[in-house]
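*Asks:* Below is the file final_26.cif, with mmCIF, C-alpha atoms.
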data_start
#
loop_
_atom_site.label_atom_id
_atom_site.label_comp_id
_atom_site.auth_asym_id
_atom_site.auth_seq_id
_atom_site.Cartn_x
_atom_site.Cartn_y
_atom_site.Cartn_z
CA MET H 1 0.10 -85.28 -153.13
CA TYR H 2 3.51 -86.81 -152.64
CA ASP H 3 4.90 -87.22 -149.14
CA LEU H 4 8.63 -86.98 -149.62
CA ASP H 5 11.15 -85.02 -151.64
CA GLY H 6 14.62 -85.71 -152.96
CA ASN H 7 16.23 -85.05 -149.57
CA ALA H 8 14.89 -88.45 -148.53
CA ILE H 9 16.82 -90.30 -151.24
CA ALA H 10 20.24 -88.77 -150.58
CA ALA H 11 21.61 -92.18 -149.60
CA PRO H 12 20.39 -94.23 -152.60
CA LEU H 13 21.51 -91.42 -154.92
CA PHE H 14 24.93 -91.44 -153.28
CA ASP H 15 25.08 -95.19 -153.76
CA VAL H 16 24.61 -95.03 -157.52
CA PHE H 17 26.51 -91.79 -158.27
CA GLY H 18 29.25 -92.01 -155.67
CA VAL H 19 28.82 -88.32 -154.75
CA GLU H 20 26.25 -86.24 -152.90
CA MET H 21 23.55 -85.55 -155.51
CA THR H 22 20.70 -83.71 -153.77
CA THR H 23 22.37 -80.40 -154.65
CA ALA H 24 22.79 -81.40 -158.31
CA VAL H 25 20.48 -79.49 -160.64
CA GLY H 26 18.28 -81.45 -163.01
CA THR H 27 16.14 -80.17 -165.88
CA CYS H 28 12.89 -81.94 -166.75
CA ARG H 29 12.76 -83.00 -170.39
CA GLY H 30 8.98 -82.71 -170.30
CA CYS H 31 8.27 -79.22 -168.96
CA GLY H 32 11.65 -77.56 -168.48
CA TRP H 33 11.44 -77.39 -164.68
CA ALA H 34 14.96 -77.03 -163.32
CA GLY H 35 15.96 -77.44 -159.71
CA PRO H 36 18.05 -79.36 -157.21
CA LEU H 37 17.31 -83.06 -156.90
CA ALA H 38 16.33 -82.29 -153.27
CA GLU H 39 13.16 -80.72 -154.71
CA VAL H 40 11.87 -83.62 -156.82
CA ALA H 41 8.76 -85.52 -155.69
CA VAL H 42 9.70 -88.89 -154.25
CA TYR H 43 7.71 -92.07 -153.86
CA LEU H 44 9.18 -95.00 -152.01
CA VAL H 45 8.14 -98.16 -153.78
CA THR H 46 9.19 -101.70 -153.12
CA PRO H 47 11.91 -102.49 -154.04
CA GLY H 48 13.16 -99.06 -155.01
CA VAL H 49 12.64 -95.38 -155.51
CA VAL H 50 10.63 -93.33 -157.99
CA ALA H 51 11.04 -89.57 -158.37
CA ARG H 52 8.85 -87.30 -160.45
CA CYS H 53 8.95 -83.71 -161.64
CA PRO H 54 7.32 -81.50 -158.98
CA ARG H 55 5.71 -79.40 -161.72
CA CYS H 56 4.51 -81.80 -164.46
CA ASP H 57 4.78 -85.19 -162.72
CA ALA H 58 7.00 -86.65 -165.44
CA LEU H 59 9.08 -89.63 -164.40
CA LEU H 60 12.62 -88.42 -163.61
CA ILE H 61 14.39 -91.06 -161.55
CA VAL H 62 13.88 -94.77 -161.02
CA ILE H 63 16.26 -96.74 -158.85
CA VAL H 64 15.56 -100.43 -158.46
CA ASP H 65 17.72 -102.84 -156.57
CA ARG H 66 17.95 -106.29 -158.16
CA ARG H 67 20.09 -108.85 -156.41
CA GLY H 68 22.64 -106.28 -155.33
CA MET H 69 22.62 -104.40 -158.64
CA ALA H 70 21.24 -100.87 -158.64
CA CYS H 71 19.40 -100.24 -161.91
CA LEU H 72 19.07 -96.55 -162.66
CA GLU H 73 16.78 -94.76 -165.11
CA LEU H 74 17.25 -91.02 -165.70
CA ALA H 75 15.85 -90.46 -169.17
CA GLY H 76 13.33 -87.90 -167.90
CA PHE H 77 16.08 -85.34 -167.45
CA SER H 78 17.33 -83.26 -170.37
CA SER H 79 20.33 -82.35 -168.25
CA LEU H 80 21.76 -83.10 -164.84
CA GLU H 81 24.68 -81.19 -163.46
CA GLN H 82 26.51 -80.79 -160.20
CA PRO H 83 27.33 -77.08 -159.94
CA GLY H 84 30.91 -76.73 -158.71
CA GLY H 85 32.37 -77.98 -155.49
CA PRO H 86 33.78 -81.35 -154.61
CA GLY H 87 32.25 -84.18 -156.55
CA ALA H 88 31.25 -81.97 -159.48
CA THR H 89 30.23 -84.22 -162.31
CA GLY H 90 29.97 -81.65 -165.05
CA ARG H 91 27.13 -81.36 -167.53
CA THR H 92 25.94 -84.67 -168.81
CA ARG H 93 23.09 -85.83 -170.95
CA PRO H 94 22.06 -88.91 -169.07
CA THR H 95 20.20 -91.67 -170.76
CA ARG H 96 19.78 -95.22 -169.59
CA THR H 97 22.89 -96.06 -167.59
CA GLU H 98 24.64 -99.35 -167.18
CA PRO H 99 23.70 -101.16 -163.99
CA ARG H 100 26.27 -100.61 -161.31
CA ARG H 101 27.07 -103.05 -158.57
CA THR H 102 26.57 -101.48 -155.15
CA SER H 103 27.40 -104.33 -152.85
CA MET A 1 20.85 -96.95 -128.00
CA LEU A 2 21.54 -95.06 -124.78
CA GLN A 3 18.14 -93.59 -124.10
CA VAL A 4 14.69 -93.07 -125.56
CA ARG A 5 13.34 -89.71 -124.45
CA THR A 6 9.66 -88.91 -124.89
CA GLU A 7 9.23 -85.48 -126.44
CA THR A 8 5.46 -85.45 -127.05
CA PRO A 9 2.79 -88.16 -127.10
CA ARG A 10 3.73 -88.75 -130.77
CA THR A 11 7.48 -88.22 -130.81
CA ALA A 12 10.56 -89.59 -129.11
CA SER A 13 14.23 -88.71 -129.22
CA LEU A 14 16.60 -91.63 -129.69
CA VAL A 15 19.96 -90.93 -128.06
CA LEU A 16 22.62 -93.01 -129.77
CA ASP A 17 26.17 -93.83 -128.84
CA LEU A 18 28.25 -93.92 -132.04
CA PRO A 19 31.95 -93.94 -131.21
CA GLN A 20 32.92 -94.09 -134.91
CA TRP A 21 30.64 -91.24 -135.99
CA PRO A 22 32.44 -89.15 -138.64
CA GLY A 23 30.55 -85.93 -137.80
CA HIS A 24 27.78 -84.23 -139.76
CA ARG A 25 26.53 -80.89 -141.01
CA PRO A 26 23.49 -79.43 -139.24
CA GLY A 27 20.40 -80.44 -141.21
CA GLN A 28 21.75 -83.74 -142.52
CA HIS A 29 19.97 -87.07 -142.02
CA VAL A 30 20.68 -90.68 -141.38
CA ASP A 31 18.91 -93.61 -142.97
CA VAL A 32 17.64 -96.13 -140.44
CA ARG A 33 17.20 -99.70 -141.63
CA LEU A 34 15.07 -102.28 -139.89
CA THR A 35 15.26 -105.96 -140.79
CA ALA A 36 12.45 -108.32 -139.82
CA ASP A 37 13.04 -111.94 -138.80
CA ASP A 38 12.04 -113.05 -142.30
CA GLY A 39 14.62 -110.77 -143.89
CA TYR A 40 12.21 -108.05 -145.01
CA GLN A 41 13.89 -104.68 -144.82
CA ALA A 42 12.49 -101.17 -144.51
CA GLN A 43 14.58 -98.02 -144.61
CA ARG A 44 13.64 -94.44 -143.77
CA SER A 45 15.52 -91.18 -143.57
CA TYR A 46 15.48 -89.17 -140.30
CA SER A 47 16.91 -85.75 -139.56
CA ILE A 48 19.68 -85.50 -137.01
CA ALA A 49 18.61 -83.40 -134.01
CA SER A 50 22.00 -82.97 -132.35
CA ALA A 51 24.87 -80.62 -133.16
CA PRO A 52 28.01 -82.05 -134.77
CA ASP A 53 30.18 -81.55 -131.67
CA GLU A 54 27.89 -83.39 -129.26
CA ASP A 55 29.02 -86.71 -127.85
CA GLN A 56 25.81 -88.50 -128.75
CA LEU A 57 23.77 -88.53 -131.90
CA VAL A 58 20.10 -87.69 -131.37
CA LEU A 59 17.26 -88.54 -133.78
CA THR A 60 13.79 -87.25 -133.00
CA VAL A 61 11.17 -89.45 -134.64
CA GLU A 62 7.45 -88.85 -135.04
CA ARG A 63 5.22 -91.92 -134.96
CA LEU A 64 3.18 -92.23 -138.15
CA ASP A 65 0.36 -94.60 -137.37
CA ASP A 66 0.50 -96.32 -140.75
CA GLY A 67 4.31 -96.19 -140.88
CA GLU A 68 6.54 -99.22 -141.29
CA VAL A 69 9.49 -97.90 -139.32
CA SER A 70 8.49 -95.03 -137.03
CA PRO A 71 6.07 -96.95 -134.72
CA TYR A 72 8.85 -99.39 -133.95
CA LEU A 73 11.40 -96.62 -133.32
CA VAL A 74 9.07 -94.61 -131.07
CA ASP A 75 7.30 -97.38 -129.16
CA GLU A 76 9.40 -100.53 -129.19
CA LEU A 77 13.02 -99.48 -128.81
CA HIS A 78 14.77 -99.46 -125.45
CA ALA A 79 18.13 -98.47 -124.06
CA GLY A 80 20.71 -101.08 -124.98
CA ASP A 81 19.08 -102.00 -128.31
CA GLN A 82 21.15 -101.90 -131.49
CA LEU A 83 20.09 -99.94 -134.53
CA GLU A 84 21.37 -100.15 -138.10
CA LEU A 85 21.91 -96.75 -139.64
CA ARG A 86 23.99 -95.05 -142.29
CA GLY A 87 24.95 -91.48 -142.77
CA PRO A 88 25.28 -88.67 -142.55
CA VAL A 89 23.63 -88.01 -145.91
CA GLY A 90 22.23 -84.95 -147.67
CA GLY A 91 23.89 -81.72 -148.65
CA TYR A 92 20.98 -79.48 -149.56
CA PHE A 93 18.95 -78.79 -146.42
CA VAL A 94 21.98 -77.89 -144.33
CA TRP A 95 23.18 -74.73 -142.69
CA ASP A 96 26.59 -73.96 -141.35
CA GLU A 97 28.31 -70.71 -140.47
CA PRO A 98 29.92 -69.93 -143.86
CA LEU A 99 26.45 -69.82 -145.46
CA GLY A 100 25.69 -66.74 -143.33
CA GLY A 101 22.28 -65.21 -142.83
CA PRO A 102 20.08 -63.71 -141.62
CA LEU A 103 18.10 -66.90 -141.27
CA LEU A 104 14.42 -67.73 -141.31
CA TRP A 105 13.53 -71.23 -140.20
CA VAL A 106 9.93 -72.35 -140.73
CA ALA A 107 8.95 -75.65 -139.11
CA GLY A 108 5.74 -77.65 -139.37
CA GLY A 109 5.31 -80.35 -136.72
CA SER A 110 8.38 -82.55 -136.57
CA GLY A 111 9.91 -80.35 -139.26
CA VAL A 112 11.55 -78.60 -136.31
CA VAL A 113 14.02 -81.48 -135.86
CA PRO A 114 16.78 -80.37 -138.29
CA PHE A 115 16.55 -76.85 -136.86
CA ARG A 116 17.48 -78.19 -133.41
CA ALA A 117 20.77 -79.40 -134.92
CA MET A 118 21.21 -75.95 -136.47
CA TRP A 119 20.47 -73.89 -133.34
CA ARG A 120 22.63 -76.09 -131.13
CA TYR A 121 25.46 -75.85 -133.68
CA ARG A 122 24.99 -72.06 -133.93
CA ARG A 123 25.34 -71.76 -130.16
CA SER A 124 28.34 -74.09 -129.95
CA VAL A 125 30.33 -72.15 -132.58
CA GLY A 126 29.29 -68.80 -131.06
CA SER A 127 27.69 -67.63 -134.30
CA ALA A 128 26.17 -64.14 -134.32
CA VAL A 129 23.96 -64.86 -137.36
CA ALA A 130 20.47 -63.59 -136.58
CA VAL A 131 17.72 -66.20 -136.65
CA ARG A 132 13.96 -66.09 -136.69
CA LEU A 133 12.21 -69.39 -136.11
CA LEU A 134 8.53 -70.01 -136.73
CA CYS A 135 7.08 -73.27 -135.45
CA SER A 136 3.64 -74.60 -136.22
CA ALA A 137 2.06 -77.32 -134.07
CA ARG A 138 -1.46 -78.58 -133.52
CA SER A 139 -1.41 -77.86 -129.80
CA LEU A 140 1.03 -77.00 -127.03
CA PRO A 141 1.38 -80.62 -125.84
CA LEU A 142 2.33 -81.58 -129.42
CA LEU A 143 4.96 -78.85 -129.73
CA ILE A 144 8.32 -80.63 -129.89
CA TYR A 145 11.22 -79.21 -127.80
CA ALA A 146 8.88 -76.75 -126.04
CA ASP A 147 11.29 -76.19 -123.13
CA GLU A 148 14.28 -75.69 -125.39
CA LEU A 149 12.33 -73.26 -127.56
CA ARG A 150 11.61 -71.10 -124.51
CA GLN A 151 15.35 -70.85 -123.77
CA LEU A 152 16.31 -70.02 -127.34
CA ALA A 153 15.36 -66.36 -126.94
CA CYS A 154 18.38 -65.94 -124.64
CA ASP A 155 20.58 -67.16 -127.51
CA GLY A 156 19.38 -64.49 -129.89
CA VAL A 157 16.88 -66.65 -131.77
CA ALA A 158 13.49 -64.99 -132.17
CA VAL A 159 10.98 -67.80 -131.74
CA SER A 160 7.35 -67.56 -132.82
CA VAL A 161 4.88 -70.38 -132.30
CA THR A 162 1.52 -70.83 -133.91
CA LEU A 163 -0.95 -73.41 -132.59
CA THR A 164 -3.34 -74.50 -135.28
CA ARG A 165 -6.05 -76.50 -133.51
CA GLU A 166 -5.99 -75.96 -129.78
CA GLN A 167 -4.64 -73.08 -127.74
CA PRO A 168 -4.32 -73.07 -123.96
CA GLU A 169 -6.17 -70.42 -122.01
CA GLY A 170 -4.36 -67.10 -122.16
CA TRP A 171 -2.21 -68.20 -125.14
CA GLN A 172 -0.14 -65.21 -126.24
CA GLY A 173 1.29 -66.77 -129.39
CA HIS A 174 -0.17 -67.06 -132.87
CA ARG A 175 -3.22 -69.08 -133.84
CA GLY A 176 -4.05 -70.95 -137.00
CA ARG A 177 -2.07 -72.21 -139.95
CA ILE A 178 0.94 -70.42 -141.31
CA ASP A 179 -0.16 -68.09 -144.09
CA ARG A 180 0.99 -65.06 -146.00
CA ASP A 181 -0.01 -62.60 -143.27
CA LEU A 182 1.80 -64.46 -140.51
CA LEU A 183 4.91 -64.88 -142.64
CA ALA A 184 4.82 -61.19 -143.56
CA GLU A 185 4.66 -60.34 -139.87
CA ILE A 186 7.51 -62.50 -138.61
CA SER A 187 9.86 -62.93 -141.57
CA TRP A 188 12.70 -60.68 -142.66
CA ARG A 189 12.02 -58.06 -145.30
CA PRO A 190 12.80 -59.42 -148.76
CA ASP A 191 15.57 -56.81 -149.21
CA GLU A 192 17.33 -58.29 -146.15
CA ARG A 193 17.88 -61.34 -148.33
CA ALA A 194 17.42 -63.92 -145.62
CA LEU A 195 18.37 -67.50 -146.21
CA VAL A 196 15.12 -69.40 -145.66
CA TYR A 197 14.64 -73.03 -144.62
CA VAL A 198 11.19 -74.63 -144.60
CA CYS A 199 10.66 -78.15 -143.27
CA GLY A 200 7.44 -80.05 -142.68
CA PRO A 201 4.75 -82.08 -144.41
CA THR A 202 4.43 -81.44 -148.14
CA ALA A 203 1.29 -79.29 -148.05
CA PHE A 204 2.79 -77.15 -145.27
CA VAL A 205 6.05 -76.66 -147.17
CA GLU A 206 4.28 -75.77 -150.41
CA ALA A 207 2.04 -73.23 -148.67
CA ALA A 208 4.88 -71.57 -146.76
CA ALA A 209 7.35 -71.50 -149.66
CA ASN A 210 4.76 -70.14 -152.10
CA ALA A 211 3.71 -67.44 -149.64
CA LEU A 212 7.32 -66.40 -149.10
CA VAL A 213 7.94 -66.14 -152.85
CA ASP A 214 4.72 -64.17 -153.10
CA LEU A 215 6.03 -61.79 -150.44
CA GLY A 216 9.12 -61.14 -152.54
CA HIS A 217 11.65 -63.60 -151.16
CA GLU A 218 14.02 -65.05 -153.75
CA ALA A 219 13.07 -68.62 -154.60
CA SER A 220 16.75 -69.47 -154.93
CA ARG A 221 17.31 -68.57 -151.25
CA ILE A 222 14.52 -70.83 -150.00
CA ARG A 223 15.48 -74.43 -149.21
CA THR A 224 12.79 -76.94 -148.51
CA GLU A 225 12.44 -80.40 -147.06
CA ARG A 226 9.21 -82.40 -147.19
CA PHE A 227 8.40 -85.54 -145.31
CA GLY A 228 5.43 -87.73 -144.59
CA GLY A 229 4.71 -86.30 -141.19
CA THR A 230 1.55 -84.96 -139.62
CA GLY A 231 0.74 -82.43 -137.01
CA THR A 232 0.91 -78.85 -138.18
#
Written as structure tokens, that's how I'd like the structure from this file.
*Replies:*
Amino acid sequence: MYDLDGNAIAAPLFDVFGVEMTTAVGTCRGCGWAGPLAEVAVYLVTPGVVARCPRCDALLIVIVDRRGMACLELAGFSSLEQPGGPGATGRTRPTRTEPRRTS
Amino acid sequence: MLQVRTETPRTASLVLDLPQWPGHRPGQHVDVRLTADDGYQAQRSYSIASAPDEDQLVLTVERLDDGEVSPYLVDELHAGDQLELRGPVGGYFVWDEPLGGPLLWVAGGSGVVPFRAMWRYRRSVGSAVAVRLLCSARSLPLLIYADELRQLACDGVAVSVTLTREQPEGWQGHRGRIDRDLLAEISWRPDERALVYVCGPTAFVEAAANALVDLGHEASRIRTERFGGTGT
């Protein structure tokens, strides 16, 4: 059983998205689970973060830091949206994103 | 670091002086980063235990024996030490006045920490939102903030404590793990549409949240936070 949930990765998510993301709602491409990123299952791995679907265990988020570049993988989501409020990002269909420099 | 205050044999509160602190919402965390002499870094997220309007920031940390960060924070730090942290972060497991109530807070072990920020905030803003708090601990000596919990009743917070492994003689509180029956007894009726917060180790959170849904509480009004702690 996993030890942590998405609340624990609020900071690394903020680093790559530039907005608070634990309230954003993601939908698992594998099983259709939909919920706030705060509810995903999180594993801290060196040197990064892995998050899985709390229902079907599919890989949802990988964040790896390589020499100051945050490499982000989100292909496990069929959608990811920030419902309203400041920092709303609108509905997107994320695939592999370009690395973004964080420092 | 101004002070390290022992809360229980496994937990300590770190009282931090942060003159530039931008303020936080009750329930938010900070990430603490430790850097070893060889440059190795480890970072962990800890809930803030103090209310936003307090002069000092308080983190209450439970020592996990196989942890990379918590043993150092609980056992090695002293007043005057410097600590690298960032925050506040998190926007999900937070409560402030506009979110209303009534509230049910369910805490397993050191899962009570974010609720301390919430109850101290609630008192400082004079909120009349009704709160029921259920804390689970292994034994009375391992119950974090025991003195403060006793005083909370005067602030209109209904506190229930269950001790899962060891109860002192004459214990009047609950015994055993949190289950459907205990939650049915102490929680709001589902039609009162309480806003529910559950914080603790993963198995604890799963059990409590599932039981609450089973009792008829709306899943969308239950917010959860899981961490790698022990002691429920």
*Asks:* When you look at A:Leu64 with a cut-off of 10 Å (counting all atoms listed in the file), what residues show up, excluding the ones that are within fewer than 4 positions of it in the same chain? I need them as a list in words.
*Replies:*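 In the requested format, the answer is Arg10, Thr11, Glu68, Val69, Ser70, Pro71, Val74, Gly228, Gly229 and Thr230 of chain A.
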*Asks:* Specify the axis-aligned box that encloses all atoms of stretch 21-38 of chain H listed in the file after padding of 5 Å on each side, stating its centre and edge lengths in Å to one decimal as lines of an AutoDock Vina configuration file.
*Replies:*
center_x = 15.9
center_y = -81.3
center_z = -161.8
size_x = 25.3
size_y = 18.5
size_z = 27.1
*Asks:* Residues of chain H within 7 Å of chain A, using all atoms listed in the file, as a list in words?
*Replies:*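 Putting it all together, I get Asp3, Leu4, Asp5, Asn7, Ala8, Ala10, Ala11, Glu20, Thr22, Thr23 and Ala38 of chain H.
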*Asks:* So that I have them on file, write out the residues from the current selection with C-alpha atoms, as a short mmCIF file (atom, residue, chain, number, x, y, z; two decimals), keeping the file's coordinate frame.
*Replies:*
data_model
loop_
_atom_site.label_atom_id
_atom_site.label_comp_id
_atom_site.auth_asym_id
_atom_site.auth_seq_id
_atom_site.Cartn_x
_atom_site.Cartn_y
_atom_site.Cartn_z
CA ASP H 3 4.90 -87.22 -149.14
CA LEU H 4 8.63 -86.98 -149.62
CA ASP H 5 11.15 -85.02 -151.64
CA ASN H 7 16.23 -85.05 -149.57
CA ALA H 8 14.89 -88.45 -148.53
CA ALA H 10 20.24 -88.77 -150.58
CA ALA H 11 21.61 -92.18 -149.60
CA GLU H 20 26.25 -86.24 -152.90
CA THR H 22 20.70 -83.71 -153.77
CA THR H 23 22.37 -80.40 -154.65
CA ALA H 38 16.33 -82.29 -153.27
#
*Asks:* Could you name the residues that touch stretch 18-27 of chain A at 6 Å or less, counting only C-alpha atoms, but leaving out those on the same chain fewer than 4 positions away, as a VMD selection string?
*Replies:* chain A and resid 52 88 93 to 95 114 117 to 118
*Asks:* For H:Pro12, list every protein, DNA or RNA residue within 10 Å, evaluated using only C-alpha atoms, and leave out those in the same chain fewer than 4 positions away; present the list as a list in words.
*Replies:*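 Here the answer would be Ala8, Val16, Phe17, Gly18, Glu20, Met21, Gly48, Val49, Ile63, Val64, Asp65, Ala70 and Thr102 of chain H; Asp31 and Val89 of chain A.
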*Asks:* Regenerate stretch 55-67 of chain A at the level of N, CA, C and O atoms and dump it as an mmCIF file, keeping the file's coordinate frame.
*Replies:*
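Produced file part.cif, reproduced below:
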data_model
loop_
_atom_site.group_PDB
_atom_site.id
_atom_site.type_symbol
_atom_site.label_atom_id
_atom_site.label_comp_id
_atom_site.auth_asym_id
_atom_site.auth_seq_id
_atom_site.Cartn_x
_atom_site.Cartn_y
_atom_site.Cartn_z
ATOM 1 N N ASP A 55 28.475 -85.357 -128.012
ATOM 2 C CA ASP A 55 29.020 -86.710 -127.850
ATOM 3 C C ASP A 55 28.064 -87.771 -128.385
ATOM 4 O O ASP A 55 28.501 -88.836 -128.807
ATOM 5 N N GLN A 56 26.780 -87.498 -128.299
ATOM 6 C CA GLN A 56 25.810 -88.500 -128.750
ATOM 7 C C GLN A 56 24.999 -87.967 -129.925
ATOM 8 O O GLN A 56 24.758 -86.772 -130.026
ATOM 9 N N LEU A 57 24.615 -88.887 -130.770
ATOM 10 C CA LEU A 57 23.770 -88.530 -131.900
ATOM 11 C C LEU A 57 22.310 -88.672 -131.461
ATOM 12 O O LEU A 57 21.926 -89.670 -130.865
ATOM 13 N N VAL A 58 21.507 -87.658 -131.762
ATOM 14 C CA VAL A 58 20.100 -87.690 -131.370
ATOM 15 C C VAL A 58 19.231 -87.649 -132.633
ATOM 16 O O VAL A 58 19.443 -86.815 -133.524
ATOM 17 N N LEU A 59 18.277 -88.572 -132.724
ATOM 18 C CA LEU A 59 17.260 -88.540 -133.780
ATOM 19 C C LEU A 59 15.924 -88.351 -133.100
ATOM 20 O O LEU A 59 15.611 -89.058 -132.142
ATOM 21 N N THR A 60 15.138 -87.393 -133.545
ATOM 22 C CA THR A 60 13.790 -87.250 -133.000
ATOM 23 C C THR A 60 12.813 -87.747 -134.060
ATOM 24 O O THR A 60 12.821 -87.268 -135.191
ATOM 25 N N VAL A 61 12.017 -88.729 -133.687
ATOM 26 C CA VAL A 61 11.170 -89.450 -134.640
ATOM 27 C C VAL A 61 9.706 -89.280 -134.261
ATOM 28 O O VAL A 61 9.333 -89.469 -133.106
ATOM 29 N N GLU A 62 8.893 -88.933 -135.255
ATOM 30 C CA GLU A 62 7.450 -88.850 -135.040
ATOM 31 C C GLU A 62 6.800 -90.171 -135.457
ATOM 32 O O GLU A 62 7.104 -90.705 -136.526
ATOM 33 N N ARG A 63 5.916 -90.682 -134.623
ATOM 34 C CA ARG A 63 5.220 -91.920 -134.960
ATOM 35 C C ARG A 63 4.123 -91.648 -135.979
ATOM 36 O O ARG A 63 3.217 -90.862 -135.741
ATOM 37 N N LEU A 64 4.261 -92.270 -137.164
ATOM 38 C CA LEU A 64 3.180 -92.230 -138.150
ATOM 39 C C LEU A 64 2.404 -93.514 -137.998
ATOM 40 O O LEU A 64 2.972 -94.606 -138.093
ATOM 41 N N ASP A 65 1.111 -93.409 -137.753
ATOM 42 C CA ASP A 65 0.360 -94.600 -137.370
ATOM 43 C C ASP A 65 0.365 -95.686 -138.424
ATOM 44 O O ASP A 65 0.309 -96.862 -138.110
ATOM 45 N N ASP A 66 0.453 -95.297 -139.703
ATOM 46 C CA ASP A 66 0.500 -96.320 -140.750
ATOM 47 C C ASP A 66 1.940 -96.547 -141.236
ATOM 48 O O ASP A 66 2.157 -97.140 -142.283
ATOM 49 N N GLY A 67 2.916 -96.069 -140.466
ATOM 50 C CA GLY A 67 4.310 -96.190 -140.880
ATOM 51 C C GLY A 67 4.858 -97.587 -140.662
ATOM 52 O O GLY A 67 4.365 -98.345 -139.837
#
